[in-house]
Each structure stands twice: as C-alpha cells, then as structure tokens.
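For reference, the structure is listed below as structure tokens.
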Amino acid sequence: MSFWFVWIGVVGIIISPPIDNYLDASMMRHMIIQMPLLIFMGYLASRRLINIDLSSINPYGLTGIIFFLGSLGFWMIPHSLDRTIISNWTDMLMHFNMLLAGFFLGKSIGLMPFILRTAISIYFVGMLLSVSIIYLNYFSLLCASYTLEQQKETGVMLFWFSIGLILWLIIVSARFMNSLEGLSKPGKNKSQDYNAI
C-alpha cells in the first residue's frame, strides 16, 4: 500500500503546476525529463499490478508496444508538443497518455521473444536518432513555443541518449549470445538456461 502512496505522490509532483510549468518551459526538460519520467512511473505501476493479465489482447506484446511507440511518436510531433503548452487539457492528456504508454510497455516486454524485443528496440533507437538529427540540422523553428537554441539542445540530448541506448543494446545482445554459447557446451542443464534467458 505504501508503494501506491509514494507512486501517487511522485506523479502528483511531476504534473503539479509549478513543476509542470518549469519542465514545459524548456523543450529539453519537456521531452528528455518529464515524458520519460511519466513513462517510467507507468512502467513501475505495470510491474506492481501483476494480477492484470493483458496477454489475450496483447499477443507477443505487439499491441502494447505499438501503442507505446505510437503514443511517443505522436507527442514528439512539433505541433502536438506546441499544443501541450497552449492547452492545459492537451497537457493533461499527454500526462495520462505517457503513464498509460509506460504501463503497456511494462505489460508487453515480458511477452516478447528476445529477437522481437531487440528488433523493436533498434526501431525505437532509430526513431529517436532520426528526431535528434532533424532537431540538430533544421535551421528553422519546428516548435513555435520554444527557441531555436532549445531545439538544438534537445537534439544534442536525444543524440547522446540514443547512443547510450545503442551501447545498452550491444551489451544485452552480447550477454544473450554468451548464454546461447553456454547452452551448446556439454554438461549444461539446458532447461535451466532457457529459463534464465
């Protein structure tokens, strides 16, 4: 029960007017801090609500991951980002959508085979990297609510965030390949190793 009090408190702080206004004032804080934080809080909620089983409507986690990617892609569109600054209702909708996207992400990852999870991760990194390159190389304002300097700053942060994800994918893939190599060695308990993967 204490988890939910803390969870509600943290979400309340993130979306409270003073903090929300501070995060919204900068394109980088809006996209690199607030949105990932809300997704993470939704993800935590999904891991806590283990009794909710969505596997029947979420085969291999595809429905949930499509919802997650679609939601994130929508709010990264400059016009959508501008609307969250202009309209409080749109801003509230974005908050709820990011929490829900994080929830579906948490309910989908465990259902996905490793190869599919890796392919989706590569697509996700590619999407972030593409957005970062656009922000870095476009010399006109994409979001009317922010400055060109903030746009460039966001592009730089998205670029390095994408590089970090690429390194993480390499490490995870290397560990998976080592696990497969271990399965091929004689004397291994294969059923236990498969469960570990």
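Each chain of the structure tokens is named A, B, ... in the order shown, its residues numbered from 1; ligands are numbered from 1 in display order.
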
*What lies within 12 Å of A:Met94 using only C-alpha atoms, ignoring chain neighbours under 2 positions off, as a ChimeraX atom specification?*
/A:15,20,24,30-31,34-36,38-39,71-76,80-85,87-92,96-101

Could you write those residues out with N, CA and C atoms, as a tab-separated table (two decimals), in the first residue's frame?
chain	number	residue	atom	x	y	z
A	15	ILE	N	3.42	16.35	-12.25
A	15	ILE	CA	2.41	17.06	-13.03
A	15	ILE	C	1.83	18.27	-12.29
A	20	ASP	N	5.36	21.28	-13.44
A	20	ASP	CA	4.96	21.11	-14.84
A	20	ASP	C	5.33	22.34	-15.66
A	24	ASP	N	7.89	22.31	-18.71
A	24	ASP	CA	7.35	22.72	-20.02
A	24	ASP	C	8.08	23.93	-20.59
A	30	HIS	N	11.10	19.15	-21.17
A	30	HIS	CA	9.79	18.58	-21.51
A	30	HIS	C	9.94	17.18	-22.10
A	31	MET	N	10.88	17.03	-23.07
A	31	MET	CA	10.99	15.77	-23.81
A	31	MET	C	11.94	14.77	-23.17
A	34	GLN	N	10.51	15.12	-18.40
A	34	GLN	CA	9.14	14.86	-17.97
A	34	GLN	C	8.52	13.63	-18.64
A	35	MET	N	8.62	13.55	-19.96
A	35	MET	CA	7.99	12.43	-20.66
A	35	MET	C	8.59	11.08	-20.24
A	36	PRO	N	9.92	10.93	-20.19
A	36	PRO	CA	10.48	9.65	-19.71
A	36	PRO	C	10.11	9.34	-18.26
A	38	LEU	N	7.32	10.14	-16.69
A	38	LEU	CA	5.93	9.66	-16.67
A	38	LEU	C	5.85	8.24	-17.23
A	39	ILE	N	6.61	7.96	-18.28
A	39	ILE	CA	6.65	6.60	-18.84
A	39	ILE	C	7.19	5.62	-17.80
A	71	SER	N	2.21	6.39	-29.24
A	71	SER	CA	2.00	7.49	-28.30
A	71	SER	C	3.22	8.39	-28.24
A	72	LEU	N	4.39	7.77	-28.13
A	72	LEU	CA	5.62	8.56	-28.05
A	72	LEU	C	5.85	9.34	-29.35
A	73	GLY	N	5.63	8.67	-30.47
A	73	GLY	CA	5.81	9.35	-31.76
A	73	GLY	C	4.86	10.52	-31.92
A	74	PHE	N	3.62	10.36	-31.46
A	74	PHE	CA	2.63	11.44	-31.59
A	74	PHE	C	3.05	12.68	-30.82
A	75	TRP	N	3.51	12.50	-29.58
A	75	TRP	CA	3.84	13.65	-28.74
A	75	TRP	C	5.21	14.24	-29.08
A	76	MET	N	5.95	13.58	-29.96
A	76	MET	CA	7.20	14.16	-30.43
A	76	MET	C	7.00	15.00	-31.69
A	80	SER	N	2.03	18.74	-31.87
A	80	SER	CA	1.49	18.14	-30.65
A	80	SER	C	2.17	18.72	-29.42
A	81	LEU	N	3.49	18.90	-29.52
A	81	LEU	CA	4.25	19.46	-28.40
A	81	LEU	C	3.82	20.89	-28.12
A	82	ASP	N	3.57	21.65	-29.18
A	82	ASP	CA	3.09	23.02	-29.01
A	82	ASP	C	1.73	23.06	-28.32
A	83	ARG	N	0.86	22.13	-28.67
A	83	ARG	CA	-0.49	22.11	-28.09
A	83	ARG	C	-0.45	21.88	-26.58
A	84	THR	N	0.55	21.11	-26.10
A	84	THR	CA	0.64	20.87	-24.66
A	84	THR	C	1.00	22.15	-23.91
A	85	ILE	N	1.64	23.09	-24.58
A	85	ILE	CA	1.99	24.36	-23.96
A	85	ILE	C	0.80	25.32	-23.99
A	87	SER	N	-2.56	24.48	-24.44
A	87	SER	CA	-3.79	23.98	-23.84
A	87	SER	C	-3.50	23.11	-22.61
A	88	ASN	N	-4.10	23.48	-21.47
A	88	ASN	CA	-3.94	22.67	-20.26
A	88	ASN	C	-4.56	21.28	-20.42
A	89	TRP	N	-5.68	21.22	-21.14
A	89	TRP	CA	-6.34	19.93	-21.34
A	89	TRP	C	-5.46	19.00	-22.17
A	90	THR	N	-4.81	19.54	-23.19
A	90	THR	CA	-3.90	18.73	-24.00
A	90	THR	C	-2.71	18.28	-23.18
A	91	ASP	N	-2.22	19.16	-22.32
A	91	ASP	CA	-1.09	18.82	-21.45
A	91	ASP	C	-1.49	17.68	-20.50
A	92	MET	N	-2.69	17.74	-19.94
A	92	MET	CA	-3.17	16.67	-19.05
A	92	MET	C	-3.33	15.36	-19.81
A	96	PHE	N	-1.45	11.72	-19.01
A	96	PHE	CA	-2.16	10.45	-18.87
A	96	PHE	C	-1.68	9.46	-19.93
A	97	ASN	N	-1.49	9.93	-21.16
A	97	ASN	CA	-1.06	9.05	-22.24
A	97	ASN	C	0.33	8.47	-21.98
A	98	MET	N	1.25	9.29	-21.45
A	98	MET	CA	2.59	8.80	-21.15
A	98	MET	C	2.58	7.76	-20.03
A	99	LEU	N	1.74	7.97	-19.02
A	99	LEU	CA	1.59	6.97	-17.95
A	99	LEU	C	1.05	5.66	-18.51
A	100	LEU	N	0.03	5.77	-19.37
A	100	LEU	CA	-0.57	4.59	-19.98
A	100	LEU	C	0.41	3.89	-20.92
A	101	ALA	N	1.20	4.67	-21.65
A	101	ALA	CA	2.20	4.09	-22.55
A	101	ALA	C	3.24	3.31	-21.75

*Can you list, as a ChimeraX atom specification, every protein, DNA or RNA residue that comes within 12 Å of A:Phe3 when you count only C-alpha atoms, leaving out same-chain residues fewer than 2 positions away?*
/A:1,5-10,41,44-45,47-49

Could the residues in this selection be saved with N, CA and C atoms as a PDB file, in the first residue's frame?
ATOM      1  N   MET A   1       0.839  -1.211   0.000  1.00  0.00           N
ATOM      2  CA  MET A   1       0.000   0.000   0.000  1.00  0.00           C
ATOM      3  C   MET A   1       0.871   1.258   0.000  1.00  0.00           C
ATOM      4  N   PHE A   5       1.069   5.064  -2.333  1.00  0.00           N
ATOM      5  CA  PHE A   5       1.129   6.421  -1.778  1.00  0.00           C
ATOM      6  C   PHE A   5       2.335   7.169  -2.350  1.00  0.00           C
ATOM      7  N   VAL A   6       3.482   6.472  -2.402  1.00  0.00           N
ATOM      8  CA  VAL A   6       4.686   7.083  -2.966  1.00  0.00           C
ATOM      9  C   VAL A   6       4.495   7.350  -4.462  1.00  0.00           C
ATOM     10  N   TRP A   7       3.898   6.372  -5.166  1.00  0.00           N
ATOM     11  CA  TRP A   7       3.684   6.498  -6.606  1.00  0.00           C
ATOM     12  C   TRP A   7       2.801   7.700  -6.925  1.00  0.00           C
ATOM     13  N   ILE A   8       1.674   7.804  -6.229  1.00  0.00           N
ATOM     14  CA  ILE A   8       0.748   8.927  -6.436  1.00  0.00           C
ATOM     15  C   ILE A   8       1.434  10.251  -6.105  1.00  0.00           C
ATOM     16  N   GLY A   9       2.239  10.240  -5.018  1.00  0.00           N
ATOM     17  CA  GLY A   9       2.944  11.450  -4.628  1.00  0.00           C
ATOM     18  C   GLY A   9       3.939  11.904  -5.684  1.00  0.00           C
ATOM     19  N   VAL A  10       4.707  10.956  -6.235  1.00  0.00           N
ATOM     20  CA  VAL A  10       5.712  11.296  -7.255  1.00  0.00           C
ATOM     21  C   VAL A  10       5.032  11.806  -8.525  1.00  0.00           C
ATOM     22  N   MET A  41       7.097   5.923 -14.538  1.00  0.00           N
ATOM     23  CA  MET A  41       6.112   5.727 -13.470  1.00  0.00           C
ATOM     24  C   MET A  41       5.001   4.780 -13.925  1.00  0.00           C
ATOM     25  N   LEU A  44       6.481   1.304 -13.741  1.00  0.00           N
ATOM     26  CA  LEU A  44       6.504   0.798 -12.365  1.00  0.00           C
ATOM     27  C   LEU A  44       5.127   0.292 -11.935  1.00  0.00           C
ATOM     28  N   ALA A  45       4.081   1.029 -12.312  1.00  0.00           N
ATOM     29  CA  ALA A  45       2.718   0.608 -11.965  1.00  0.00           C
ATOM     30  C   ALA A  45       2.387  -0.732 -12.604  1.00  0.00           C
ATOM     31  N   ARG A  47       4.437  -3.163 -13.334  1.00  0.00           N
ATOM     32  CA  ARG A  47       5.166  -4.239 -12.662  1.00  0.00           C
ATOM     33  C   ARG A  47       4.549  -4.558 -11.312  1.00  0.00           C
ATOM     34  N   ARG A  48       3.880  -3.571 -10.738  1.00  0.00           N
ATOM     35  CA  ARG A  48       3.238  -3.784  -9.430  1.00  0.00           C
ATOM     36  C   ARG A  48       1.894  -4.494  -9.582  1.00  0.00           C
ATOM     37  N   LEU A  49       1.168  -4.162 -10.654  1.00  0.00           N
ATOM     38  CA  LEU A  49      -0.161  -4.750 -10.874  1.00  0.00           C
ATOM     39  C   LEU A  49      -0.009  -6.068 -11.627  1.00  0.00           C
TER      40      LEU A  49
END

*Per DSSP on the backbone, what are the alpha helix (DSSP H) residues of stretch 75-156 of chain A, as a PyMOL selection string?*
chain A and resi 75+78-86+88-109+114-137+148-156

Please identify every residue of stretch 83-131 of chain A that has at least one atom no farther than 7 Å from an atom of stretch 158-162 of chain A, counting only C-alpha atoms, and for each give the shortest atom pair and the distance in Å to one decimal, arranged by chain then increasing number, as a Markdown table.
| residue | atom | partner | partner_atom | distance |
| --- | --- | --- | --- | --- |
| A:Val125 | CA | A:Ser162 | CA | 5.7 |
| A:Leu128 | CA | A:Ser162 | CA | 6.3 |
| A:Leu129 | CA | A:Phe159 | CA | 5.8 |

_10 Å contact set for A:Leu169, only C-alpha atoms, chain neighbours under 3 positions out, as an MDAnalysis selection string_ = chainID A and resid 118 121:122 125 163:166 172:175

_Exercise: A:Leu148 partners within 12 Å, only C-alpha atoms, chain neighbours under 2 positions left out, as an MDAnalysis selection string_ = chainID A and resid 26:28 135:146 150:155

*With a distance cut-off of 12 Å and only C-alpha atoms, select the neighbouring residues of A:Pro59, excluding the residue or stretch itself and same-chain residues fewer than 3 positions from it, and output the selection as a PyMOL selection string.*
chain A and resi 53-56+62-66+107-113

*Quote the spacing between atom CA of A:Ser46 and atom CA of A:Asn21 in Å to one decimal place.*
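Going from atom CA of A:Ser46 over to atom CA of A:Asn21, I get 27.1 Å.
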